[in-house]
$ cat upload.pdb   # PDB, C-alpha atoms
ATOM      1  CA  MET N  27       4.634  37.296 -75.158
ATOM      2  CA  THR N  28       4.164  33.565 -74.554
ATOM      3  CA  GLU N  29       7.360  33.253 -72.560
ATOM      4  CA  THR N  30       6.242  36.187 -70.397
ATOM      5  CA  VAL N  31       2.989  34.379 -69.638
ATOM      6  CA  ILE N  32       4.795  31.136 -68.781
ATOM      7  CA  ALA N  33       7.389  32.928 -66.674
ATOM      8  CA  THR N  34       4.715  34.863 -64.775
ATOM      9  CA  PHE N  35       2.713  31.706 -64.165
ATOM     10  CA  VAL N  36       5.719  29.777 -62.858
ATOM     11  CA  SER N  37       6.771  32.727 -60.671
ATOM     12  CA  LEU N  38       3.304  33.079 -59.172
ATOM     13  CA  ALA N  39       3.144  29.316 -58.506
ATOM     14  CA  GLY N  40       6.536  29.572 -56.767
ATOM     15  CA  LEU N  41       5.307  32.492 -54.660
ATOM     16  CA  TRP N  42       2.204  30.519 -53.753
ATOM     17  CA  VAL N  43       4.339  27.622 -52.450
ATOM     18  CA  LEU N  44       6.576  30.105 -50.620
ATOM     19  CA  VAL N  45       3.725  31.901 -48.881
ATOM     20  CA  PHE N  46       1.494  28.971 -48.007
ATOM     21  CA  TRP N  47       4.079  26.281 -47.168
ATOM     22  CA  LEU N  48       7.688  27.343 -46.833
ATOM     23  CA  TYR N  49       7.045  30.580 -44.954
ATOM     24  CA  ARG N  50       4.658  28.954 -42.480
ATOM     25  CA  ASP N  51       7.077  26.058 -41.855
ATOM     26  CA  TYR N  52       9.875  28.533 -41.339
ATOM     27  CA  ARG N  53       7.919  30.552 -38.773
ATOM     28  CA  VAL N  54       7.030  27.383 -36.838
ATOM     29  CA  ASP N  55      10.662  26.227 -36.816
ATOM     30  CA  LEU N  56      11.850  29.681 -35.774
ATOM     31  CA  PHE N  57       9.328  29.872 -32.935
ATOM     32  CA  ARG N  58      10.379  26.442 -31.693
ATOM     33  CA  GLN N  59      14.066  27.239 -31.954
ATOM     34  CA  GLU N  60      13.732  30.455 -29.966
ATOM     35  CA  LEU N  61      11.593  28.750 -27.340
ATOM     36  CA  PHE N  62      14.150  25.952 -26.971
ATOM     37  CA  GLN N  63      16.710  28.654 -26.305
ATOM     38  CA  VAL N  64      14.591  30.238 -23.544
ATOM     39  CA  ARG N  65      13.740  26.818 -22.103
ATOM     40  CA  ASP N  66      17.443  25.924 -22.017
ATOM     41  CA  GLU N  67      18.134  29.124 -20.100
ATOM     42  CA  LEU N  68      15.407  28.181 -17.639
ATOM     43  CA  PHE N  69      16.952  24.729 -17.218
ATOM     44  CA  ASP N  70      20.445  26.171 -16.730
ATOM     45  CA  PHE N  71      19.044  28.566 -14.150
ATOM     46  CA  ALA N  72      17.606  25.660 -12.166
ATOM     47  CA  ALA N  73      20.707  23.527 -12.744
ATOM     48  CA  GLN N  74      22.752  26.292 -11.087
ATOM     49  CA  GLY N  75      20.660  25.721  -7.981
ATOM     50  CA  GLN N  76      18.771  28.996  -8.205
ATOM     51  CA  ILE N  77      15.391  27.265  -8.064
ATOM     52  CA  PRO N  78      14.452  23.614  -7.381
ATOM     53  CA  PHE N  79      13.432  21.554 -10.408
ATOM     54  CA  ASP N  80      10.166  20.706  -8.668
ATOM     55  CA  HIS N  81       9.217  24.286  -7.871
ATOM     56  CA  PRO N  82       5.717  24.959  -9.276
ATOM     57  CA  ALA N  83       6.872  28.102 -11.101
ATOM     58  CA  TYR N  84       9.676  26.175 -12.813
ATOM     59  CA  VAL N  85       7.483  23.171 -13.612
ATOM     60  CA  GLY N  86       4.617  25.353 -14.872
ATOM     61  CA  LEU N  87       6.826  27.577 -17.002
ATOM     62  CA  ARG N  88       8.638  24.624 -18.541
ATOM     63  CA  GLU N  89       5.340  22.912 -19.318
ATOM     64  CA  VAL N  90       3.988  26.050 -20.974
ATOM     65  CA  PHE N  91       7.143  26.288 -23.116
ATOM     66  CA  ASN N  92       6.810  22.585 -23.955
ATOM     67  CA  GLY N  93       3.196  23.162 -24.971
ATOM     68  CA  TYR N  94       4.133  26.098 -27.205
ATOM     69  CA  ILE N  95       6.898  24.035 -28.818
ATOM     70  CA  ARG N  96       4.736  20.972 -29.351
ATOM     71  CA  PHE N  97       1.732  22.840 -30.726
ATOM     72  CA  ALA N  98       3.557  25.653 -32.511
ATOM     73  CA  HIS N  99       2.120  24.431 -35.817
ATOM     74  CA  ARG N 100      -1.426  24.773 -34.450
ATOM     75  CA  VAL N 101      -1.080  28.207 -32.873
ATOM     76  CA  GLY N 102      -2.335  30.983 -35.116
ATOM     77  CA  ILE N 103      -3.884  34.387 -34.705
ATOM     78  CA  LEU N 104      -7.207  33.339 -36.231
ATOM     79  CA  PRO N 105      -8.021  30.316 -33.997
ATOM     80  CA  ALA N 106      -6.676  32.181 -30.957
ATOM     81  CA  ALA N 107      -8.844  35.229 -31.683
ATOM     82  CA  LEU N 108     -11.945  33.134 -32.421
ATOM     83  CA  PHE N 109     -11.381  31.061 -29.282
ATOM     84  CA  SER N 110     -10.897  34.133 -27.138
ATOM     85  CA  ARG N 111     -14.009  35.820 -28.534
ATOM     86  CA  SER N 112     -16.145  32.729 -28.006
ATOM     87  CA  LEU N 113     -15.386  32.281 -24.293
ATOM     88  CA  THR N 114     -18.255  32.651 -21.868
ATOM     89  CA  ASP N 115     -17.691  34.664 -18.678
ATOM     90  CA  GLU N 116     -17.276  31.454 -16.706
ATOM     91  CA  GLU N 117     -14.805  30.010 -19.213
ATOM     92  CA  ARG N 118     -12.896  33.274 -19.253
ATOM     93  CA  VAL N 119     -12.460  33.108 -15.483
ATOM     94  CA  THR N 120     -11.234  29.492 -15.767
ATOM     95  CA  CYS N 121      -8.884  30.536 -18.555
ATOM     96  CA  GLU N 122      -7.485  33.396 -16.483
ATOM     97  CA  GLN N 123      -6.968  31.106 -13.504
ATOM     98  CA  LEU N 124      -5.123  28.556 -15.613
ATOM     99  CA  SER N 125      -2.995  31.041 -17.538
ATOM    100  CA  LEU N 126       0.437  32.027 -16.288
ATOM    101  CA  HIS N 127      -0.847  35.411 -15.170
ATOM    102  CA  GLY N 128      -3.471  33.727 -13.026
ATOM    103  CA  TRP N 129      -1.081  31.918 -10.714
ATOM    104  CA  TRP N 130       2.317  33.387 -11.399
ATOM    105  CA  ASP N 131       2.595  35.942  -8.597
ATOM    106  CA  SER N 132       1.403  33.542  -5.896
ATOM    107  CA  GLU N 133       3.960  30.931  -6.998
ATOM    108  CA  LEU N 134       6.775  33.452  -6.858
ATOM    109  CA  ASP N 135       5.995  34.327  -3.231
ATOM    110  CA  GLY N 136       8.859  33.269  -1.026
ATOM    111  CA  LEU N 137      11.449  33.306  -3.799
ATOM    112  CA  ALA N 138      14.369  35.730  -3.625
ATOM    113  CA  VAL N 139      13.700  38.904  -5.623
ATOM    114  CA  PRO N 140      16.460  38.296  -8.235
ATOM    115  CA  VAL N 141      15.215  34.738  -8.778
ATOM    116  CA  ALA N 142      11.609  35.890  -9.179
ATOM    117  CA  ARG N 143      12.737  38.645 -11.539
ATOM    118  CA  ARG N 144      14.738  36.212 -13.662
ATOM    119  CA  LEU N 145      11.807  33.808 -13.910
ATOM    120  CA  SER N 146       9.455  36.644 -14.838
ATOM    121  CA  ASP N 147      11.934  37.760 -17.469
ATOM    122  CA  LEU N 148      11.963  34.266 -19.007
ATOM    123  CA  ARG N 149       8.163  34.135 -18.900
ATOM    124  CA  ASP N 150       7.951  37.557 -20.607
ATOM    125  CA  ARG N 151      10.378  36.450 -23.301
ATOM    126  CA  GLY N 152       8.251  33.394 -23.973
ATOM    127  CA  GLU N 153       5.190  35.613 -24.294
ATOM    128  CA  GLU N 154       6.997  37.987 -26.637
ATOM    129  CA  LEU N 155       7.958  35.055 -28.838
ATOM    130  CA  LEU N 156       4.345  33.925 -28.854
ATOM    131  CA  GLU N 157       3.158  37.412 -29.835
ATOM    132  CA  ARG N 158       5.656  37.560 -32.663
ATOM    133  CA  HIS N 159       4.649  34.092 -33.827
ATOM    134  CA  LEU N 160       0.966  35.021 -33.816
ATOM    135  CA  ILE N 161       1.512  38.206 -35.818
ATOM    136  CA  LEU N 162       4.319  37.235 -38.168
ATOM    137  CA  GLY N 163       3.130  33.634 -38.610
ATOM    138  CA  SER N 164       0.242  34.893 -40.694
ATOM    139  CA  PRO N 165       1.206  35.929 -44.225
ATOM    140  CA  LEU N 166      -1.753  38.333 -44.272
ATOM    141  CA  LEU N 167      -0.758  40.034 -41.024
ATOM    142  CA  THR N 168       2.898  40.014 -42.023
ATOM    143  CA  SER N 169       2.110  41.754 -45.284
ATOM    144  CA  THR N 170       0.293  44.475 -43.333
ATOM    145  CA  VAL N 171       2.394  44.689 -40.157
ATOM    146  CA  ILE N 172       5.808  44.884 -41.836
ATOM    147  CA  PRO N 173       4.851  47.814 -44.116
ATOM    148  CA  ALA N 174       3.285  49.509 -41.071
ATOM    149  CA  VAL N 175       6.500  49.061 -39.062
ATOM    150  CA  VAL N 176       8.588  50.322 -41.976
ATOM    151  CA  LEU N 177       6.257  53.307 -42.270
ATOM    152  CA  ILE N 178       6.622  54.027 -38.564
ATOM    153  CA  VAL N 179      10.400  53.762 -38.752
ATOM    154  CA  VAL N 180      10.624  55.921 -41.865
ATOM    155  CA  VAL N 181       8.006  58.514 -40.943
ATOM    156  CA  TRP N 182       7.509  58.441 -37.190
ATOM    157  CA  LEU N 183      11.135  58.316 -36.049
ATOM    158  CA  PRO N 184      12.194  61.421 -38.014
ATOM    159  CA  VAL N 185       9.078  63.162 -36.677
ATOM    160  CA  ALA N 186      10.028  62.080 -33.142
ATOM    161  CA  ALA N 187      13.610  63.194 -33.721
ATOM    162  CA  VAL N 188      12.439  66.603 -34.980
ATOM    163  CA  LYS N 189      10.083  66.897 -31.987
ATOM    164  CA  SER N 190      12.879  65.963 -29.605
ATOM    165  CA  ALA N 191      15.245  68.492 -31.200
ATOM    166  CA  TRP N 192      12.513  71.139 -31.050
ATOM    167  CA  ARG N 193      11.885  70.310 -27.373
ATOM    168  CA  ASN N 194      15.616  70.720 -26.667
ATOM    169  CA  ILE N 195      15.550  74.137 -28.321
ATOM    170  CA  LEU N 196      12.493  75.191 -26.299
ATOM    171  CA  GLU N 197      14.029  73.926 -23.063
ATOM    172  CA  SER N 198      17.302  75.726 -23.657
ATOM    173  CA  VAL N 199      15.398  78.944 -24.369
ATOM    174  CA  GLU N 200      13.308  78.336 -21.251
ATOM    175  CA  VAL N 201      16.405  77.829 -19.063
ATOM    176  CA  ALA N 202      18.079  80.878 -20.547
ATOM    177  CA  ALA N 203      14.923  82.934 -20.051
ATOM    178  CA  ARG N 204      14.675  81.819 -16.428
ATOM    179  CA  GLU N 205      18.298  82.732 -15.841
ATOM    180  CA  LEU N 206      17.744  86.127 -17.407
ATOM    181  CA  GLY N 207      14.546  86.508 -15.413
ATOM    182  CA  GLN N 208      16.409  85.849 -12.141
ATOM    183  CA  VAL N 209      19.033  88.440 -13.035
ATOM    184  CA  ALA N 210      16.356  90.904 -13.942
TER
ATOM    185  CA  MET Q  26      -3.074  23.792 -25.510
ATOM    186  CA  ALA Q  27      -4.325  24.577 -22.060
ATOM    187  CA  GLY Q  28      -3.770  20.963 -21.101
ATOM    188  CA  GLU Q  29      -0.059  21.587 -21.234
ATOM    189  CA  GLN Q  30      -0.268  24.050 -18.408
ATOM    190  CA  ASN Q  31       0.095  23.106 -14.814
ATOM    191  CA  GLY Q  32      -0.873  26.126 -12.821
ATOM    192  CA  ALA Q  33      -2.131  26.136  -9.273
ATOM    193  CA  GLY Q  34      -5.803  25.381  -8.900
ATOM    194  CA  ASP Q  35      -6.317  23.949 -12.396
ATOM    195  CA  THR Q  36      -9.092  21.446 -12.949
ATOM    196  CA  ASP Q  37      -8.872  18.719 -15.548
ATOM    197  CA  LEU Q  38     -12.497  19.258 -16.495
ATOM    198  CA  GLY Q  39     -11.952  22.973 -17.182
ATOM    199  CA  ILE Q  40      -8.841  22.275 -19.219
ATOM    200  CA  GLU Q  41     -10.554  19.587 -21.265
ATOM    201  CA  ALA Q  42     -13.525  21.809 -22.047
ATOM    202  CA  LEU Q  43     -11.255  24.679 -23.076
ATOM    203  CA  ASN Q  44      -9.104  22.360 -25.162
ATOM    204  CA  GLU Q  45     -12.163  21.016 -26.910
ATOM    205  CA  LYS Q  46     -13.377  24.529 -27.642
ATOM    206  CA  PHE Q  47      -9.971  25.604 -28.918
ATOM    207  CA  GLY Q  48      -9.915  22.519 -31.154
ATOM    208  CA  LYS Q  49     -13.277  23.479 -32.605
ATOM    209  CA  TRP Q  50     -12.172  27.015 -33.500
ATOM    210  CA  GLU Q  51      -8.902  25.684 -34.758
ATOM    211  CA  ALA Q  52     -10.766  23.419 -37.170
ATOM    212  CA  ILE Q  53     -12.867  26.360 -38.387
ATOM    213  CA  ALA Q  54      -9.765  28.528 -38.791
ATOM    214  CA  GLY Q  55      -8.112  25.639 -40.653
ATOM    215  CA  ILE Q  56     -10.998  25.521 -43.106
ATOM    216  CA  SER Q  57     -10.749  29.250 -43.787
ATOM    217  CA  ARG Q  58      -6.951  28.982 -44.146
ATOM    218  CA  ASP Q  59      -7.381  26.124 -46.607
ATOM    219  CA  PHE Q  60      -9.974  28.178 -48.434
ATOM    220  CA  PHE Q  61      -7.501  31.040 -48.943
ATOM    221  CA  ARG Q  62      -4.727  28.626 -49.836
ATOM    222  CA  TRP Q  63      -6.622  26.664 -52.454
ATOM    223  CA  SER Q  64      -8.546  29.611 -53.827
ATOM    224  CA  GLY Q  65      -5.127  31.143 -54.515
ATOM    225  CA  LEU Q  66      -4.236  28.101 -56.553
ATOM    226  CA  VAL Q  67      -7.604  28.129 -58.313
ATOM    227  CA  GLY Q  68      -7.109  31.832 -59.096
ATOM    228  CA  LEU Q  69      -3.685  31.056 -60.469
ATOM    229  CA  ALA Q  70      -5.074  28.282 -62.656
ATOM    230  CA  PHE Q  71      -7.911  30.553 -63.805
ATOM    231  CA  PHE Q  72      -5.609  33.354 -64.888
ATOM    232  CA  GLY Q  73      -3.282  30.808 -66.477
ATOM    233  CA  TYR Q  74      -6.248  29.509 -68.453
ATOM    234  CA  LYS Q  75      -7.289  33.040 -69.440
ATOM    235  CA  SER Q  76      -3.761  33.718 -70.636
ATOM    236  CA  ILE Q  77      -3.816  30.617 -72.783
ATOM    237  CA  GLU Q  78      -7.260  31.573 -74.032
ATOM    238  CA  ALA Q  79      -6.010  35.028 -74.957
ATOM    239  CA  LEU Q  80      -3.172  33.483 -76.898
ATOM    240  CA  SER Q  81      -5.374  30.988 -78.725
ATOM    241  CA  GLY Q  82      -5.777  31.875 -82.340
ATOM    242  CA  THR Q  83      -2.795  34.178 -82.200
ATOM    243  CA  THR Q  84      -0.257  31.712 -80.897
ATOM    244  CA  THR Q  85       0.165  28.176 -82.134
ATOM    245  CA  VAL Q  86       1.605  25.154 -80.369
ATOM    246  CA  ALA Q  87       4.620  25.609 -82.561
ATOM    247  CA  ASP Q  88       4.959  29.162 -81.269
ATOM    248  CA  ILE Q  89       4.765  27.944 -77.675
ATOM    249  CA  GLY Q  90       7.357  25.300 -78.468
ATOM    250  CA  LEU Q  91       9.433  28.023 -80.042
ATOM    251  CA  SER Q  92       8.899  30.186 -76.957
ATOM    252  CA  LEU Q  93      10.054  27.388 -74.704
ATOM    253  CA  ARG Q  94      13.084  27.045 -76.900
ATOM    254  CA  THR Q  95      13.619  30.783 -76.731
ATOM    255  CA  PHE Q  96      13.998  30.383 -72.967
ATOM    256  CA  ALA Q  97      17.505  29.544 -73.981
ATOM    257  CA  SER Q  98      17.879  33.099 -75.189
ATOM    258  CA  VAL Q  99      16.354  34.914 -72.212
ATOM    259  CA  LYS Q 100      18.131  38.005 -71.039
ATOM    260  CA  VAL Q 101      21.026  37.472 -68.682
ATOM    261  CA  SER Q 102      19.341  39.673 -66.064
ATOM    262  CA  GLN Q 103      16.231  37.446 -66.148
ATOM    263  CA  LEU Q 104      18.309  34.309 -65.922
ATOM    264  CA  VAL Q 105      20.222  35.707 -62.951
ATOM    265  CA  ALA Q 106      16.943  36.608 -61.210
ATOM    266  CA  TRP Q 107      15.549  33.106 -61.754
ATOM    267  CA  MET Q 108      18.759  31.496 -60.565
ATOM    268  CA  PHE Q 109      18.758  33.780 -57.542
ATOM    269  CA  GLY Q 110      15.199  32.808 -56.614
ATOM    270  CA  ALA Q 111      15.648  29.077 -57.196
ATOM    271  CA  GLY Q 112      19.059  29.153 -55.503
ATOM    272  CA  GLY Q 113      17.580  30.893 -52.467
ATOM    273  CA  VAL Q 114      14.889  28.260 -52.082
ATOM    274  CA  ALA Q 115      17.374  25.412 -52.569
ATOM    275  CA  TYR Q 116      19.746  27.016 -50.077
ATOM    276  CA  GLY Q 117      16.941  27.433 -47.533
ATOM    277  CA  LEU Q 118      15.821  23.829 -47.893
ATOM    278  CA  GLY Q 119      19.416  22.606 -47.651
ATOM    279  CA  GLN Q 120      19.980  24.627 -44.485
ATOM    280  CA  ARG Q 121      16.778  23.279 -42.982
ATOM    281  CA  ARG Q 122      17.854  19.701 -43.628
ATOM    282  CA  LEU Q 123      21.247  20.458 -42.128
ATOM    283  CA  ARG Q 124      19.655  21.986 -39.019
ATOM    284  CA  ARG Q 125      17.406  18.982 -38.545
ATOM    285  CA  ASP Q 126      20.393  16.646 -38.937
ATOM    286  CA  THR Q 127      22.180  18.659 -36.242
ATOM    287  CA  VAL Q 128      19.157  18.554 -33.954
ATOM    288  CA  GLU Q 129      18.973  14.793 -34.397
ATOM    289  CA  ARG Q 130      22.683  14.432 -33.697
ATOM    290  CA  LEU Q 131      22.683  16.560 -30.539
ATOM    291  CA  GLN Q 132      19.293  16.069 -28.929
ATOM    292  CA  GLY Q 133      20.131  12.640 -27.490
ATOM    293  CA  ARG Q 134      23.037  14.004 -25.481
ATOM    294  CA  ILE Q 135      21.076  17.017 -24.261
ATOM    295  CA  LYS Q 136      18.214  14.784 -23.221
ATOM    296  CA  ARG Q 137      20.552  12.391 -21.383
ATOM    297  CA  TYR Q 138      22.265  15.269 -19.584
ATOM    298  CA  GLU Q 139      19.009  16.930 -18.577
ATOM    299  CA  THR Q 140      17.507  13.644 -17.369
ATOM    300  CA  LEU Q 141      20.621  13.069 -15.282
ATOM    301  CA  VAL Q 142      20.195  16.449 -13.588
ATOM    302  CA  ASP Q 143      16.389  16.392 -13.448
ATOM    303  CA  PRO Q 144      14.979  12.839 -13.756
ATOM    304  CA  ASP Q 145      11.397  14.206 -13.890
ATOM    305  CA  ARG Q 146      12.041  16.627 -16.752
ATOM    306  CA  SER Q 147       9.080  17.211 -19.045
ATOM    307  CA  SER Q 148       9.538  17.128 -22.804
ATOM    308  CA  SER Q 149       8.222  19.004 -25.822
ATOM    309  CA  SER Q 150       7.467  15.597 -27.396
ATOM    310  CA  LEU Q 151       8.773  16.553 -30.831
ATOM    311  CA  THR Q 152      10.400  13.894 -33.015
ATOM    312  CA  PRO Q 153      14.185  13.390 -32.673
ATOM    313  CA  ARG Q 154      14.601  15.678 -35.707
ATOM    314  CA  GLY Q 155      12.639  18.469 -34.007
ATOM    315  CA  GLU Q 156       9.556  17.992 -36.178
ATOM    316  CA  THR Q 157       5.877  17.746 -35.283
ATOM    317  CA  ARG Q 158       4.819  14.256 -34.298
ATOM    318  CA  PRO Q 159       2.529  12.629 -36.872
ATOM    319  CA  GLU Q 160      -0.253  12.201 -34.261
ATOM    320  CA  ASP Q 161      -0.130  15.940 -33.489
ATOM    321  CA  GLN Q 162      -0.735  16.877 -37.108
ATOM    322  CA  PRO Q 163      -4.159  18.467 -37.675
TER
END
$ encode --input "upload.pdb" --output "C-alpha cells"
Amino acid sequence: MTETVIATFVSLAGLWVLVFWLYRDYRVDLFRQELFQVRDELFDFAAQGQIPFDHPAYVGLREVFNGYIRFAHRVGILPAALFSRSLTDEERVTCEQLSLHGWWDSELDGLAVPVARRLSDLRDRGEELLERHLILGSPLLTSTVIPAVVLIVVVWLPVAAVKSAWRNILESVEVAARELGQVA
Amino acid sequence: MAGEQNGAGDTDLGIEALNEKFGKWEAIAGISRDFFRWSGLVGLAFFGYKSIEALSGTTTVADIGLSLRTFASVKVSQLVAWMFGAGGVAYGLGQRRLRRDTVERLQGRIKRYETLVDPDRSSSSLTPRGETRPEDQP
C-alpha cells in the first residue's frame, strides 16, 4: 500500500515536470529547428541567384522567420488569442498591413512566377509551422487535439472510405443504366 | 514580435504599440500558465499529504522504511517500466545536449559562409548553442 502511494506520487511528479517543462522546451526547440530548415532553404534559393538578397520579399520573410525563431519561447496560443481579441479596429488594420499577407502580393509583383511561387511556398511552410507550434505547444490543446485527430483517423477515414466505395458502386450502376438506356 | 517584421509601409509607432500590447497579454497569459503549473504542484502535494494522512495510524515510520526497503523486491514488470521511463528522459536530455553541442560546433561556419555571401544577413539572435538569450527570457 505505502509503496503504491510513493510510486504514484513520484510518477505524478515526473509527469508534472514532463508536461510543464520538458515538453514545452521540446516544442520550442522543434519549432526553431524546423524554421531554421525553412530559412536555410530561403537562403539557398537566394544564393542560387533566384532572388537578390536585398529584395523586400526575401528580407521581410527572413526577418519574420528570425522573429519566430528568437521569440519561439514567447509564442503561445493564449497570448496570441488574447492579443488578437483585444485589437481595436484601427490596430487590426495596422496589424494586417504589417503582416505578411498585408504586403506580400505587392512585393512579389515583377518576380518570375516560379520564383514567386517558391517564396510563397516557403512563407506557407513557415505559417504551417507556426500553426502547429501554437496548437501542439500547449499541453491542454495537445491533449484535446491529438485524441480528436486519432478519432478522425479511426472513425472518419473508414466512413469516408465506405462513402467513396458506395459512390463508386452508384456511379457504376449509373453508367451501366445510361448505357442500357441508350440501347433501349 | 511585430517589430521583427519589415513589411512595406510599416510604421515604428504602430509596431511599438502592437508590441507593447502583445507584451501585456503575454504577461497575463504567463500568469495564468504559472497558475496552472503551480496549482498542479500544489494539488500533487495536497493529495500526497492526504495519502500520508490516510496511512497515519495504520502505517508506522517503520512500515514506510520497510516499504522503501521492499522497493528492492518490486515486480520485474514495474522495475522495467520505471527504468523505461527514467531511461527515456535521460536519453532525451542526452540527445538535447548532443544537439546543442552540434549546433555550437557548426553555427560558426554557417554564419561565416552566409555573411560571405550576404554581408547584410539578419540573424535570429539566439545564443551560439541555439538557446534563448537571457535578455529575451520573460
$ resolve_selection --input "upload.pdb" --expression "the PyMOL selection byres ((chain Q and resi 56-59) around 12)" --output "PyMOL selection string"
(chain N and resi 46-47+50+100+102-105+164-166) or (chain Q and resi 49-55+60-67+163)
$ resolve_selection --input "upload.pdb" --expression "the PyMOL selection byres ((chain Q and resi 143) around 10)" --output "ChimeraX atom specification"
/N:69,72-73,78-80 /Q:137-142,144-147
$ atom_distance --input "upload.pdb" --atom1 "CA of Ser148 in chain Q" --atom2 "CA of Asn92 in chain N"
6.2 Å
$ interface_residues --input "upload.pdb" --of "chain N" --to "chain Q" --cutoff "7 Å" --atoms "only C-alpha atoms" --output "list in words"
Thr28, Glu29, Val31, Phe35, Phe46, Phe79, Gly86, Glu89, Val90, Asn92, Gly93, Ile95, Arg96, Leu104, Pro105, Leu108, Phe109, Thr120, Leu124, Leu126 and Trp129 of chain N
$ closest_residue --input "upload.pdb" --among "N:Ala106, N:Leu156, N:Ile77, N:Leu167" --to "Leu134 in chain N" --atoms "all atoms listed in the file"
N:Ile77
$ atom_distance --input "upload.pdb" --atom1 "CA of Val180 in chain N" --atom2 "CA of Gly113 in chain Q"
28.1 Å
$ residues_around --input "upload.pdb" --residues "Phe71 in chain N" --least-positions-apart "2" --cutoff "12 Å" --atoms "only C-alpha atoms" --output "VMD selection string"
chain N and resid 64 to 69 73 to 79 84 88 140 to 142 144 to 145 148
$ axis_aligned_box --input "upload.pdb" --around "range 100-107 of chain Q" --padding-each-side "8 Å" --output "JSON"
{"center_x": 18.3, "center_y": 36.4, "center_z": -66.1, "size_x": 21.5, "size_y": 22.6, "size_z": 25.8}
$ closest_residue --input "upload.pdb" --among "N:Ser198, N:Gln59, N:Thr170, N:Ser146" --to "Ala98 in chain N" --atoms "only C-alpha atoms"
N:Gln59
$ atom_distance --input "upload.pdb" --atom1 "CA of Trp192 in chain N" --atom2 "CA of Gly207 in chain N"
22.0 Å
$ closest_residue --input "upload.pdb" --among "N:Leu87, N:Thr34, N:Tyr94, N:Phe62" --to "Glu157 in chain N" --atoms "only C-alpha atoms"
N:Tyr94
$ build_atoms --input "upload.pdb" --residues "range 116-132 of chain N" --atoms "N, CA and C atoms" --output "compact mmCIF listing (two decimals), in the frame of the given file"
# COMPACT_ATOMS: atom_id res chain seq x y z
N GLU N 116 -17.77 32.52 -17.59
CA GLU N 116 -17.28 31.45 -16.71
C GLU N 116 -15.98 30.84 -17.26
N GLU N 117 -15.99 30.59 -18.58
CA GLU N 117 -14.80 30.01 -19.21
C GLU N 117 -13.63 30.99 -19.17
N ARG N 118 -13.96 32.27 -19.28
CA ARG N 118 -12.90 33.27 -19.25
C ARG N 118 -12.21 33.29 -17.88
N VAL N 119 -13.02 33.14 -16.85
CA VAL N 119 -12.46 33.11 -15.48
C VAL N 119 -11.56 31.88 -15.34
N THR N 120 -12.04 30.72 -15.82
CA THR N 120 -11.23 29.49 -15.77
C THR N 120 -9.93 29.69 -16.53
N CYS N 121 -10.05 30.30 -17.70
CA CYS N 121 -8.88 30.54 -18.56
C CYS N 121 -7.87 31.43 -17.84
N GLU N 122 -8.38 32.47 -17.19
CA GLU N 122 -7.48 33.40 -16.48
C GLU N 122 -6.79 32.70 -15.31
N GLN N 123 -7.56 31.82 -14.64
CA GLN N 123 -6.97 31.11 -13.50
C GLN N 123 -5.87 30.15 -13.96
N LEU N 124 -6.09 29.54 -15.13
CA LEU N 124 -5.12 28.56 -15.61
C LEU N 124 -3.92 29.19 -16.30
N SER N 125 -4.10 30.41 -16.80
CA SER N 125 -3.00 31.04 -17.54
C SER N 125 -1.89 31.42 -16.57
N LEU N 126 -0.72 31.66 -17.12
CA LEU N 126 0.44 32.03 -16.29
C LEU N 126 0.13 33.22 -15.39
N HIS N 127 -0.56 34.20 -15.95
CA HIS N 127 -0.85 35.41 -15.17
C HIS N 127 -1.73 35.12 -13.97
N GLY N 128 -2.54 34.06 -14.09
CA GLY N 128 -3.47 33.73 -13.03
C GLY N 128 -2.80 33.21 -11.76
N TRP N 129 -1.69 32.54 -11.91
CA TRP N 129 -1.08 31.92 -10.71
C TRP N 129 0.37 32.30 -10.52
N TRP N 130 0.89 33.09 -11.42
CA TRP N 130 2.32 33.39 -11.40
C TRP N 130 2.78 34.05 -10.10
N ASP N 131 2.14 35.16 -9.75
CA ASP N 131 2.60 35.94 -8.60
C ASP N 131 2.57 35.12 -7.30
N SER N 132 1.50 34.32 -7.14
CA SER N 132 1.40 33.54 -5.90
C SER N 132 2.51 32.49 -5.83
